[in-house]
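Asker: As input, take target30.tsv (TSV, C-alpha atoms):
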chain	number	residue	atom	x	y	z
A	1	MET	CA	-25.63	14.16	-13.19
A	2	SER	CA	-26.00	11.73	-10.31
A	3	ASP	CA	-24.17	12.08	-7.00
A	4	VAL	CA	-21.96	9.09	-7.69
A	5	LEU	CA	-20.29	7.62	-10.75
A	6	TYR	CA	-21.07	4.20	-12.20
A	7	LEU	CA	-18.83	2.31	-14.60
A	8	ASP	CA	-20.96	3.75	-17.42
A	9	ASP	CA	-19.98	7.28	-16.33
A	10	LEU	CA	-16.22	6.66	-16.40
A	11	LYS	CA	-14.28	7.63	-19.52
A	12	VAL	CA	-10.62	7.15	-20.39
A	13	GLY	CA	-8.78	10.41	-19.73
A	14	GLN	CA	-11.21	11.64	-17.07
A	15	VAL	CA	-9.32	13.42	-14.29
A	16	PHE	CA	-10.19	13.83	-10.59
A	17	VAL	CA	-8.39	16.10	-8.16
A	18	SER	CA	-8.49	15.44	-4.41
A	19	PRO	CA	-8.46	17.77	-1.44
A	20	THR	CA	-5.08	18.21	0.29
A	21	HIS	CA	-3.50	16.76	3.42
A	22	ALA	CA	-0.77	18.52	5.40
A	23	LEU	CA	1.74	16.08	6.84
A	24	ASP	CA	3.98	16.75	9.83
A	25	ALA	CA	6.68	14.88	11.73
A	26	ALA	CA	4.29	13.83	14.50
A	27	GLN	CA	1.98	12.03	12.03
A	28	ILE	CA	4.96	10.38	10.33
A	29	LYS	CA	6.28	9.06	13.65
A	30	ALA	CA	2.85	7.91	14.90
A	31	PHE	CA	2.21	5.87	11.74
A	32	ALA	CA	5.74	4.46	11.93
A	33	ARG	CA	5.34	3.40	15.57
A	34	ALA	CA	2.19	1.48	14.64
A	35	PHE	CA	3.21	-0.01	11.29
A	36	ASP	CA	6.76	0.70	10.14
A	37	PRO	CA	9.06	1.21	13.14
A	38	GLN	CA	12.31	1.80	11.26
A	39	PRO	CA	14.77	4.54	12.33
A	40	PHE	CA	14.30	6.68	9.19
A	41	HIS	CA	10.54	6.94	9.94
A	42	LEU	CA	10.84	7.43	13.71
A	43	ASP	CA	13.55	9.90	14.58
A	44	GLU	CA	15.18	12.85	12.80
A	45	GLU	CA	18.63	12.22	14.19
A	46	ALA	CA	18.69	8.48	13.49
A	47	ALA	CA	17.24	9.17	10.02
A	48	ALA	CA	20.08	11.53	9.09
A	49	ALA	CA	22.55	8.63	8.88
A	50	THR	CA	20.33	6.46	6.61
A	51	PHE	CA	19.48	6.09	2.91
A	52	PHE	CA	16.83	8.81	3.39
A	53	LYS	CA	19.22	11.36	4.93
A	54	GLY	CA	16.42	12.70	7.14
A	55	LEU	CA	12.99	11.83	8.46
A	56	ALA	CA	10.77	10.32	5.76
A	57	ALA	CA	7.24	8.93	5.86
A	58	SER	CA	6.70	5.22	5.39
A	59	GLY	CA	5.63	4.55	1.83
A	60	TRP	CA	2.59	2.81	3.33
A	61	HIS	CA	1.76	6.03	5.15
A	62	THR	CA	1.84	7.91	1.84
A	63	ALA	CA	-0.39	5.17	0.44
A	64	ALA	CA	-2.81	5.43	3.37
A	65	ILE	CA	-3.06	9.24	3.07
A	66	THR	CA	-3.59	8.82	-0.67
A	67	MET	CA	-6.50	6.49	0.14
A	68	LYS	CA	-7.95	9.08	2.53
A	69	LEU	CA	-7.71	11.76	-0.17
A	70	LEU	CA	-9.23	9.47	-2.82
A	71	ALA	CA	-12.11	8.63	-0.48
A	72	SER	CA	-12.88	12.34	-0.11
A	73	THR	CA	-12.61	13.16	-3.83
A	74	GLU	CA	-15.88	14.22	-5.47
A	75	PRO	CA	-17.76	12.81	-7.25
A	76	GLY	CA	-17.40	9.41	-5.63
A	77	ILE	CA	-17.66	6.00	-7.23
A	78	ALA	CA	-20.92	4.11	-6.70
A	79	GLY	CA	-20.44	1.45	-4.03
A	80	GLY	CA	-17.20	3.06	-2.84
A	81	LEU	CA	-13.55	2.66	-3.81
A	82	ILE	CA	-12.88	-1.06	-3.94
A	83	GLY	CA	-9.43	-2.02	-5.16
A	84	ALA	CA	-8.66	-5.52	-6.41
A	85	GLY	CA	-4.98	-4.69	-6.69
A	86	ALA	CA	-2.49	-2.01	-7.60
A	87	GLU	CA	1.00	-1.11	-8.68
A	88	ILE	CA	2.70	1.43	-6.48
A	89	SER	CA	6.00	3.29	-6.66
A	90	TRP	CA	7.59	5.98	-4.57
A	91	PRO	CA	9.86	8.07	-6.80
A	92	GLN	CA	10.70	10.46	-3.96
A	93	ALA	CA	10.45	10.36	-0.16
A	94	THR	CA	7.50	12.05	1.57
A	95	ARG	CA	8.80	14.55	4.16
A	96	PRO	CA	7.48	16.48	7.16
A	97	GLY	CA	5.87	19.69	5.89
A	98	ASP	CA	4.69	18.13	2.62
A	99	VAL	CA	1.12	18.98	1.64
A	100	LEU	CA	-0.23	16.02	-0.32
A	101	GLN	CA	-2.75	16.12	-3.14
A	102	VAL	CA	-3.81	13.33	-5.48
A	103	THR	CA	-4.60	13.71	-9.17
A	104	SER	CA	-6.23	10.62	-10.67
A	105	GLU	CA	-6.81	9.73	-14.30
A	106	ILE	CA	-8.95	6.94	-15.70
A	107	LEU	CA	-6.77	4.74	-17.95
A	108	GLU	CA	-9.15	1.93	-18.85
A	109	VAL	CA	-12.78	0.93	-18.37
A	110	VAL	CA	-13.72	-2.72	-18.93
A	111	PRO	CA	-17.21	-4.15	-18.33
A	112	SER	CA	-17.11	-7.66	-16.90
A	113	ARG	CA	-18.14	-10.45	-19.28
A	114	SER	CA	-19.18	-12.83	-16.54
A	115	ARG	CA	-20.70	-10.26	-14.12
A	116	PRO	CA	-23.00	-7.94	-16.09
A	117	GLU	CA	-23.66	-5.79	-13.01
A	118	ARG	CA	-20.06	-4.58	-12.73
A	119	GLY	CA	-16.68	-4.02	-14.35
A	120	MET	CA	-13.11	-2.91	-13.75
A	121	ALA	CA	-11.64	0.56	-14.09
A	122	THR	CA	-7.91	1.21	-14.09
A	123	MET	CA	-6.99	4.51	-12.45
A	124	ARG	CA	-3.57	6.14	-12.12
A	125	SER	CA	-3.30	8.34	-9.03
A	126	GLN	CA	-0.28	10.59	-8.63
A	127	THR	CA	0.36	11.95	-5.15
A	128	ARG	CA	2.28	15.22	-5.26
A	129	ASN	CA	3.52	17.67	-2.64
A	130	GLN	CA	3.04	21.46	-2.64
A	131	ARG	CA	6.02	21.82	-5.03
A	132	GLY	CA	4.44	19.48	-7.55
A	133	GLU	CA	7.01	16.76	-6.86
A	134	VAL	CA	5.60	13.27	-7.43
A	135	LEU	CA	5.85	11.22	-4.23
A	136	GLN	CA	3.80	8.22	-5.26
A	137	ILE	CA	2.33	6.74	-8.42
A	138	LEU	CA	-0.48	4.29	-7.79
A	139	THR	CA	-2.17	2.43	-10.62
A	140	SER	CA	-5.19	0.64	-9.22
A	141	LYS	CA	-7.77	-1.78	-10.53
A	142	LEU	CA	-11.13	-0.77	-9.14
A	143	VAL	CA	-14.30	-2.84	-9.00
A	144	VAL	CA	-17.09	-0.51	-10.19
A	145	PRO	CA	-20.83	-1.31	-10.51
A	146	ARG	CA	-22.77	-0.70	-13.74
A	147	ARG	CA	-25.64	1.76	-13.55
A	148	PRO	CA	-28.76	-0.21	-12.60
A	149	ALA	CA	-31.31	-0.35	-15.41
A	150	GLY	CA	-34.39	1.80	-15.13
B	1	MET	CA	26.36	-15.35	10.06
B	2	SER	CA	25.88	-11.64	10.61
B	3	ASP	CA	22.87	-10.12	12.35
B	4	VAL	CA	21.60	-8.55	9.14
B	5	LEU	CA	21.50	-9.59	5.52
B	6	TYR	CA	23.28	-7.77	2.71
B	7	LEU	CA	22.49	-8.16	-0.98
B	8	ASP	CA	25.32	-10.73	-1.13
B	9	ASP	CA	23.47	-12.87	1.43
B	10	LEU	CA	20.18	-13.00	-0.46
B	11	LYS	CA	19.50	-15.98	-2.72
B	12	VAL	CA	16.59	-16.70	-5.04
B	13	GLY	CA	14.19	-19.05	-3.27
B	14	GLN	CA	15.17	-17.96	0.25
B	15	VAL	CA	12.08	-17.85	2.49
B	16	PHE	CA	11.38	-15.73	5.57
B	17	VAL	CA	8.44	-16.18	7.93
B	18	SER	CA	7.16	-13.30	10.06
B	19	PRO	CA	5.63	-13.24	13.52
B	20	THR	CA	1.81	-12.98	13.63
B	21	HIS	CA	-0.63	-10.12	14.20
B	22	ALA	CA	-4.15	-10.64	15.56
B	23	LEU	CA	-6.63	-8.24	14.00
B	24	ASP	CA	-9.93	-7.22	15.56
B	25	ALA	CA	-12.86	-4.99	14.61
B	26	ALA	CA	-11.60	-2.09	16.75
B	27	GLN	CA	-8.29	-1.94	14.87
B	28	ILE	CA	-10.09	-2.18	11.51
B	29	LYS	CA	-12.39	0.73	12.40
B	30	ALA	CA	-9.60	2.89	13.87
B	31	PHE	CA	-7.48	2.56	10.72
B	32	ALA	CA	-10.54	3.22	8.56
B	33	ARG	CA	-11.45	6.38	10.49
B	34	ALA	CA	-7.96	7.73	9.90
B	35	PHE	CA	-7.36	6.62	6.32
B	36	ASP	CA	-10.23	4.84	4.60
B	37	PRO	CA	-13.57	5.98	6.03
B	38	GLN	CA	-15.86	3.86	3.87
B	39	PRO	CA	-18.91	2.07	5.34
B	40	PHE	CA	-17.57	-1.45	4.73
B	41	HIS	CA	-14.50	-0.64	6.90
B	42	LEU	CA	-16.32	1.32	9.63
B	43	ASP	CA	-19.47	-0.41	10.71
B	44	GLU	CA	-20.70	-4.03	10.74
B	45	GLU	CA	-24.29	-3.16	9.91
B	46	ALA	CA	-23.51	-0.77	7.07
B	47	ALA	CA	-20.93	-3.26	5.73
B	48	ALA	CA	-23.50	-6.06	5.47
B	49	ALA	CA	-25.21	-4.32	2.53
B	50	THR	CA	-21.99	-3.79	0.52
B	51	PHE	CA	-19.73	-5.69	-1.86
B	52	PHE	CA	-17.90	-7.09	1.20
B	53	LYS	CA	-21.08	-8.42	2.90
B	54	GLY	CA	-19.58	-7.65	6.32
B	55	LEU	CA	-16.86	-5.64	8.03
B	56	ALA	CA	-13.55	-5.87	6.12
B	57	ALA	CA	-10.19	-4.21	6.70
B	58	SER	CA	-8.97	-1.60	4.26
B	59	GLY	CA	-6.48	-3.16	1.85
B	60	TRP	CA	-4.07	-0.43	2.99
B	61	HIS	CA	-4.51	-1.64	6.57
B	62	THR	CA	-3.56	-5.16	5.49
B	63	ALA	CA	-0.58	-3.61	3.69
B	64	ALA	CA	0.43	-1.62	6.78
B	65	ILE	CA	0.20	-4.67	9.07
B	66	THR	CA	2.21	-6.64	6.51
B	67	MET	CA	4.88	-3.92	6.70
B	68	LYS	CA	4.89	-4.19	10.50
B	69	LEU	CA	5.32	-7.95	10.29
B	70	LEU	CA	8.08	-7.65	7.67
B	71	ALA	CA	9.91	-5.10	9.84
B	72	SER	CA	9.91	-7.58	12.72
B	73	THR	CA	11.00	-10.60	10.64
B	74	GLU	CA	14.46	-11.95	11.49
B	75	PRO	CA	17.07	-11.73	10.15
B	76	GLY	CA	16.61	-8.16	8.95
B	77	ILE	CA	17.99	-6.54	5.82
B	78	ALA	CA	21.02	-4.26	6.29
B	79	GLY	CA	19.93	-0.63	6.21
B	80	GLY	CA	16.28	-1.58	6.77
B	81	LEU	CA	13.41	-2.43	4.44
B	82	ILE	CA	13.40	0.24	1.75
B	83	GLY	CA	10.89	-0.29	-1.03
B	84	ALA	CA	11.19	1.47	-4.38
B	85	GLY	CA	7.83	0.14	-5.48
B	86	ALA	CA	5.54	-2.86	-5.41
B	87	GLU	CA	2.66	-4.75	-6.92
B	88	ILE	CA	-0.11	-5.56	-4.53
B	89	SER	CA	-3.30	-7.57	-4.76
B	90	TRP	CA	-5.98	-8.55	-2.29
B	91	PRO	CA	-7.48	-11.90	-3.37
B	92	GLN	CA	-9.72	-12.06	-0.30
B	93	ALA	CA	-10.94	-9.55	2.28
B	94	THR	CA	-9.20	-9.34	5.66
B	95	ARG	CA	-11.76	-9.81	8.47
B	96	PRO	CA	-12.03	-9.20	12.22
B	97	GLY	CA	-10.54	-12.21	14.01
B	98	ASP	CA	-7.97	-12.90	11.31
B	99	VAL	CA	-4.46	-13.63	12.58
B	100	LEU	CA	-2.04	-12.41	9.94
B	101	GLN	CA	1.35	-13.88	9.10
B	102	VAL	CA	3.64	-13.08	6.19
B	103	THR	CA	5.76	-15.55	4.26
B	104	SER	CA	8.27	-13.89	1.95
B	105	GLU	CA	10.35	-15.41	-0.83
B	106	ILE	CA	13.26	-13.83	-2.68
B	107	LEU	CA	12.49	-13.89	-6.43
B	108	GLU	CA	15.42	-11.97	-7.89
B	109	VAL	CA	18.67	-10.36	-6.75
B	110	VAL	CA	20.28	-7.78	-9.05
B	111	PRO	CA	23.42	-5.80	-8.16
B	112	SER	CA	23.29	-2.23	-9.45
B	113	ARG	CA	25.58	-1.44	-12.40
B	114	SER	CA	25.79	2.26	-11.64
B	115	ARG	CA	25.85	2.03	-7.81
B	116	PRO	CA	28.37	-0.65	-6.78
B	117	GLU	CA	27.43	-0.28	-3.11
B	118	ARG	CA	23.89	-1.54	-3.55
B	119	GLY	CA	21.38	-3.49	-5.61
B	120	MET	CA	17.74	-4.47	-5.92
B	121	ALA	CA	16.00	-7.55	-4.56
B	122	THR	CA	12.53	-8.61	-5.61
B	123	MET	CA	10.58	-10.25	-2.80
B	124	ARG	CA	7.08	-11.78	-2.87
B	125	SER	CA	5.30	-11.56	0.47
B	126	GLN	CA	2.07	-13.48	0.97
B	127	THR	CA	-0.06	-12.43	3.90
B	128	ARG	CA	-2.26	-15.28	5.14
B	129	ASN	CA	-4.75	-15.69	7.94
B	130	GLN	CA	-4.87	-18.50	10.51
B	131	ARG	CA	-6.71	-20.70	7.97
B	132	GLY	CA	-3.93	-20.26	5.40
B	133	GLU	CA	-6.15	-18.14	3.16
B	134	VAL	CA	-4.13	-15.63	1.14
B	135	LEU	CA	-5.32	-12.09	1.91
B	136	GLN	CA	-2.60	-10.14	0.14
B	137	ILE	CA	0.19	-10.78	-2.35
B	138	LEU	CA	2.86	-8.10	-2.35
B	139	THR	CA	5.78	-8.21	-4.76
B	140	SER	CA	8.23	-5.51	-3.75
B	141	LYS	CA	11.45	-4.12	-5.15
B	142	LEU	CA	13.80	-3.52	-2.25
B	143	VAL	CA	16.94	-1.37	-2.22
B	144	VAL	CA	19.60	-3.49	-0.45
B	145	PRO	CA	23.22	-2.55	0.30
B	146	ARG	CA	26.16	-4.75	-0.72
B	147	ARG	CA	28.35	-6.08	2.06
B	148	PRO	CA	31.09	-3.53	2.69
B	149	ALA	CA	34.56	-4.78	1.71
B	150	GLY	CA	36.94	-5.79	4.49
Any chance you could put this one into structure tokens?

Answerer:
Amino acid sequence: MSDVLYLDDLKVGQVFVSPTHALDAAQIKAFARAFDPQPFHLDEEAAAATFFKGLAASGWHTAAITMKLLASTEPGIAGGLIGAGAEISWPQATRPGDVLQVTSEILEVVPSRSRPERGMATMRSQTRNQRGEVLQILTSKLVVPRRPAG
Amino acid sequence: MSDVLYLDDLKVGQVFVSPTHALDAAQIKAFARAFDPQPFHLDEEAAAATFFKGLAASGWHTAAITMKLLASTEPGIAGGLIGAGAEISWPQATRPGDVLQVTSEILEVVPSRSRPERGMATMRSQTRNQRGEVLQILTSKLVVPRRPAG
């Protein structure tokens, strides 16, 4: 086995499990101040009266932590994780105290017709908390190099 | 006109334009260190030898800045911007020196059958740089309250 995976090494159904990330209220508020300064991401008391009924992480914070966990999942993809696009949903709010972990499954592997040195893999990554509740489902199209000949 | 928009105020074809955000290499690297520590987001020299051929922002950084710009677009949505899910694509890399601006268009407005107090709006947000190049296309499903009676 090599240290990194090429398109040729990816198979439909292959599963990868990430390390974990423990989230707290301070991280939620810091991300929100920078990128999503809405009351339900900034302040417990203000959040209580909103749709979320309590402090919740920005969905983009959950996405960013998911990226961090994917980037530290072994084995890595040759050339790095390069997404062309994705579908994302947040079935449940991410809360302070949640410990996030990402389980990813390869759904499709398609060599490029026009670019023989690479292809596209579709990967579904589910981000769960310590109770197994699904917080985010991300289905991404990744650009993955073919194994160089020789 | 009220200060905020309810589902009843949203019409297909309505367009909203955000303020701008100037991105530099320091911001790109800081986000990458926290959430996407891959060479092409961390270091100019290392990035030169990659798919991106130079320092590029994490797609999730572009998404987070887009969120910031959407949150500061007037008029706001009643109850805040609450996404149930989205499709996202990055047709072109976001680079140091790019000045980002988001133009959003309402694509669909659907009152909920089961929850008379709210509905779903589909919005397409295109994030462009100062040259008008499209860096990200985000199509989001937003949870939007109906205007309260009376």

Asker: Show me a table, sorted first by chain and then by increasing residue number, of the residues of chain B having an atom at most 8 Å from chain A, each with its shortest atom pair and the distance in Å to one decimal, counting all atoms listed in the file and written as JSON lines.

Answerer:
{"residue": "B:Ala34", "atom": "CA", "partner": "A:Lys68", "partner_atom": "CA", "distance": 7.5}
{"residue": "B:Phe35", "atom": "CA", "partner": "A:Lys68", "partner_atom": "CA", "distance": 4.6}
{"residue": "B:Asp36", "atom": "CA", "partner": "A:Lys68", "partner_atom": "CA", "distance": 5.2}
{"residue": "B:Pro37", "atom": "CA", "partner": "A:Ala71", "partner_atom": "CA", "distance": 7.2}
{"residue": "B:Gln38", "atom": "CA", "partner": "A:Gly80", "partner_atom": "CA", "distance": 6.9}
{"residue": "B:Thr50", "atom": "CA", "partner": "A:Gly79", "partner_atom": "CA", "distance": 7.1}
{"residue": "B:Phe51", "atom": "CA", "partner": "A:Gly79", "partner_atom": "CA", "distance": 7.5}
{"residue": "B:Gly59", "atom": "CA", "partner": "A:Gly83", "partner_atom": "CA", "distance": 7.7}
{"residue": "B:Trp60", "atom": "CA", "partner": "A:Ala64", "partner_atom": "CA", "distance": 6.0}
{"residue": "B:His61", "atom": "CA", "partner": "A:Ala64", "partner_atom": "CA", "distance": 7.9}
{"residue": "B:Ala63", "atom": "CA", "partner": "A:Trp60", "partner_atom": "CA", "distance": 7.2}
{"residue": "B:Ala64", "atom": "CA", "partner": "A:Phe35", "partner_atom": "CA", "distance": 5.5}
{"residue": "B:Ile65", "atom": "CA", "partner": "A:Phe35", "partner_atom": "CA", "distance": 6.0}
{"residue": "B:Met67", "atom": "CA", "partner": "A:Asp36", "partner_atom": "CA", "distance": 6.1}
{"residue": "B:Lys68", "atom": "CA", "partner": "A:Phe35", "partner_atom": "CA", "distance": 4.6}
{"residue": "B:Ala71", "atom": "CA", "partner": "A:Asp36", "partner_atom": "CA", "distance": 6.6}
{"residue": "B:Gly79", "atom": "CA", "partner": "A:Thr50", "partner_atom": "CA", "distance": 7.1}
{"residue": "B:Gly80", "atom": "CA", "partner": "A:Gln38", "partner_atom": "CA", "distance": 6.9}
{"residue": "B:Gly83", "atom": "CA", "partner": "A:Gly59", "partner_atom": "CA", "distance": 7.7}
{"residue": "B:Ala84", "atom": "CA", "partner": "A:Trp90", "partner_atom": "CA", "distance": 5.8}
{"residue": "B:Gly85", "atom": "CA", "partner": "A:Ser89", "partner_atom": "CA", "distance": 3.8}
{"residue": "B:Ala86", "atom": "CA", "partner": "A:Ile88", "partner_atom": "CA", "distance": 5.3}
{"residue": "B:Glu87", "atom": "CA", "partner": "A:Glu87", "partner_atom": "CA", "distance": 4.4}
{"residue": "B:Ile88", "atom": "CA", "partner": "A:Ala86", "partner_atom": "CA", "distance": 5.3}
{"residue": "B:Ser89", "atom": "CA", "partner": "A:Gly85", "partner_atom": "CA", "distance": 3.9}
{"residue": "B:Trp90", "atom": "CA", "partner": "A:Ala84", "partner_atom": "CA", "distance": 5.8}
{"residue": "B:Pro91", "atom": "CA", "partner": "A:Ala84", "partner_atom": "CA", "distance": 7.2}

Asker: Residues as selected, C-alpha atoms, written as a PDB file, in the coordinates of the input, can you do that?

Answerer:
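To be explicit, this is the file written out as out.pdb:
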ATOM      1  CA  ALA B  34      -7.960   7.730   9.900  1.00  0.00           C
ATOM      2  CA  PHE B  35      -7.360   6.620   6.320  1.00  0.00           C
ATOM      3  CA  ASP B  36     -10.230   4.840   4.600  1.00  0.00           C
ATOM      4  CA  PRO B  37     -13.570   5.980   6.030  1.00  0.00           C
ATOM      5  CA  GLN B  38     -15.860   3.860   3.870  1.00  0.00           C
ATOM      6  CA  THR B  50     -21.990  -3.790   0.520  1.00  0.00           C
ATOM      7  CA  PHE B  51     -19.730  -5.690  -1.860  1.00  0.00           C
ATOM      8  CA  GLY B  59      -6.480  -3.160   1.850  1.00  0.00           C
ATOM      9  CA  TRP B  60      -4.070  -0.430   2.990  1.00  0.00           C
ATOM     10  CA  HIS B  61      -4.510  -1.640   6.570  1.00  0.00           C
ATOM     11  CA  ALA B  63      -0.580  -3.610   3.690  1.00  0.00           C
ATOM     12  CA  ALA B  64       0.430  -1.620   6.780  1.00  0.00           C
ATOM     13  CA  ILE B  65       0.200  -4.670   9.070  1.00  0.00           C
ATOM     14  CA  MET B  67       4.880  -3.920   6.700  1.00  0.00           C
ATOM     15  CA  LYS B  68       4.890  -4.190  10.500  1.00  0.00           C
ATOM     16  CA  ALA B  71       9.910  -5.100   9.840  1.00  0.00           C
ATOM     17  CA  GLY B  79      19.930  -0.630   6.210  1.00  0.00           C
ATOM     18  CA  GLY B  80      16.280  -1.580   6.770  1.00  0.00           C
ATOM     19  CA  GLY B  83      10.890  -0.290  -1.030  1.00  0.00           C
ATOM     20  CA  ALA B  84      11.190   1.470  -4.380  1.00  0.00           C
ATOM     21  CA  GLY B  85       7.830   0.140  -5.480  1.00  0.00           C
ATOM     22  CA  ALA B  86       5.540  -2.860  -5.410  1.00  0.00           C
ATOM     23  CA  GLU B  87       2.660  -4.750  -6.920  1.00  0.00           C
ATOM     24  CA  ILE B  88      -0.110  -5.560  -4.530  1.00  0.00           C
ATOM     25  CA  SER B  89      -3.300  -7.570  -4.760  1.00  0.00           C
ATOM     26  CA  TRP B  90      -5.980  -8.550  -2.290  1.00  0.00           C
ATOM     27  CA  PRO B  91      -7.480 -11.900  -3.370  1.00  0.00           C
TER      28      PRO B  91
END

Asker: Give as a tab-separated table (two decimals) with C-alpha atoms, in the frame of the given file every residue, naming chains and numbers as the document does, that has an atom within 7 Å of (13.4, -9.2, -5.2), counting all atoms listed in the file.

Answerer:
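File written: selection.tsv
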chain	number	residue	atom	x	y	z
B	106	ILE	CA	13.26	-13.83	-2.68
B	107	LEU	CA	12.49	-13.89	-6.43
B	108	GLU	CA	15.42	-11.97	-7.89
B	109	VAL	CA	18.67	-10.36	-6.75
B	120	MET	CA	17.74	-4.47	-5.92
B	121	ALA	CA	16.00	-7.55	-4.56
B	122	THR	CA	12.53	-8.61	-5.61
B	123	MET	CA	10.58	-10.25	-2.80
B	140	SER	CA	8.23	-5.51	-3.75
B	141	LYS	CA	11.45	-4.12	-5.15
B	142	LEU	CA	13.80	-3.52	-2.25

Asker: Which polymer residues have any atom within 8 Å of an atom of range 19-30 of chain B, counting only C-alpha atoms, with same-chain residues fewer than 5 positions away left out, as a PDB file with C-alpha atoms, in the coordinates of the input?

Answerer:
ATOM      1  CA  HIS B  41     -14.500  -0.640   6.900  1.00  0.00           C
ATOM      2  CA  LEU B  42     -16.320   1.320   9.630  1.00  0.00           C
ATOM      3  CA  ASP B  43     -19.470  -0.410  10.710  1.00  0.00           C
ATOM      4  CA  LEU B  55     -16.860  -5.640   8.030  1.00  0.00           C
ATOM      5  CA  ALA B  56     -13.550  -5.870   6.120  1.00  0.00           C
ATOM      6  CA  ALA B  57     -10.190  -4.210   6.700  1.00  0.00           C
ATOM      7  CA  SER B  58      -8.970  -1.600   4.260  1.00  0.00           C
ATOM      8  CA  HIS B  61      -4.510  -1.640   6.570  1.00  0.00           C
ATOM      9  CA  ILE B  65       0.200  -4.670   9.070  1.00  0.00           C
ATOM     10  CA  LEU B  69       5.320  -7.950  10.290  1.00  0.00           C
ATOM     11  CA  SER B  72       9.910  -7.580  12.720  1.00  0.00           C
ATOM     12  CA  THR B  73      11.000 -10.600  10.640  1.00  0.00           C
ATOM     13  CA  ARG B  95     -11.760  -9.810   8.470  1.00  0.00           C
ATOM     14  CA  PRO B  96     -12.030  -9.200  12.220  1.00  0.00           C
ATOM     15  CA  GLY B  97     -10.540 -12.210  14.010  1.00  0.00           C
ATOM     16  CA  ASP B  98      -7.970 -12.900  11.310  1.00  0.00           C
ATOM     17  CA  VAL B  99      -4.460 -13.630  12.580  1.00  0.00           C
ATOM     18  CA  LEU B 100      -2.040 -12.410   9.940  1.00  0.00           C
ATOM     19  CA  GLN B 101       1.350 -13.880   9.100  1.00  0.00           C
ATOM     20  CA  VAL B 102       3.640 -13.080   6.190  1.00  0.00           C
TER      21      VAL B 102
END

Asker: For a test of reading the model, state the distance in Å between CA of Arg113 in chain A and CA of Ala46 in chain B, rounded to one decimal.

Answerer: 28.6 Å

Asker: How many Å separate CA of Val134 in chain A from CA of Phe16 in chain A?

Answerer: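 Separation of CA of Val134 in chain A and CA of Phe16 in chain A: 16.1 Å.
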
Asker: CA of Gln130 in chain B and CA of Glu105 in chain B, how far apart in Å?

Answerer: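 Interatomic distance here is 19.2 Å.
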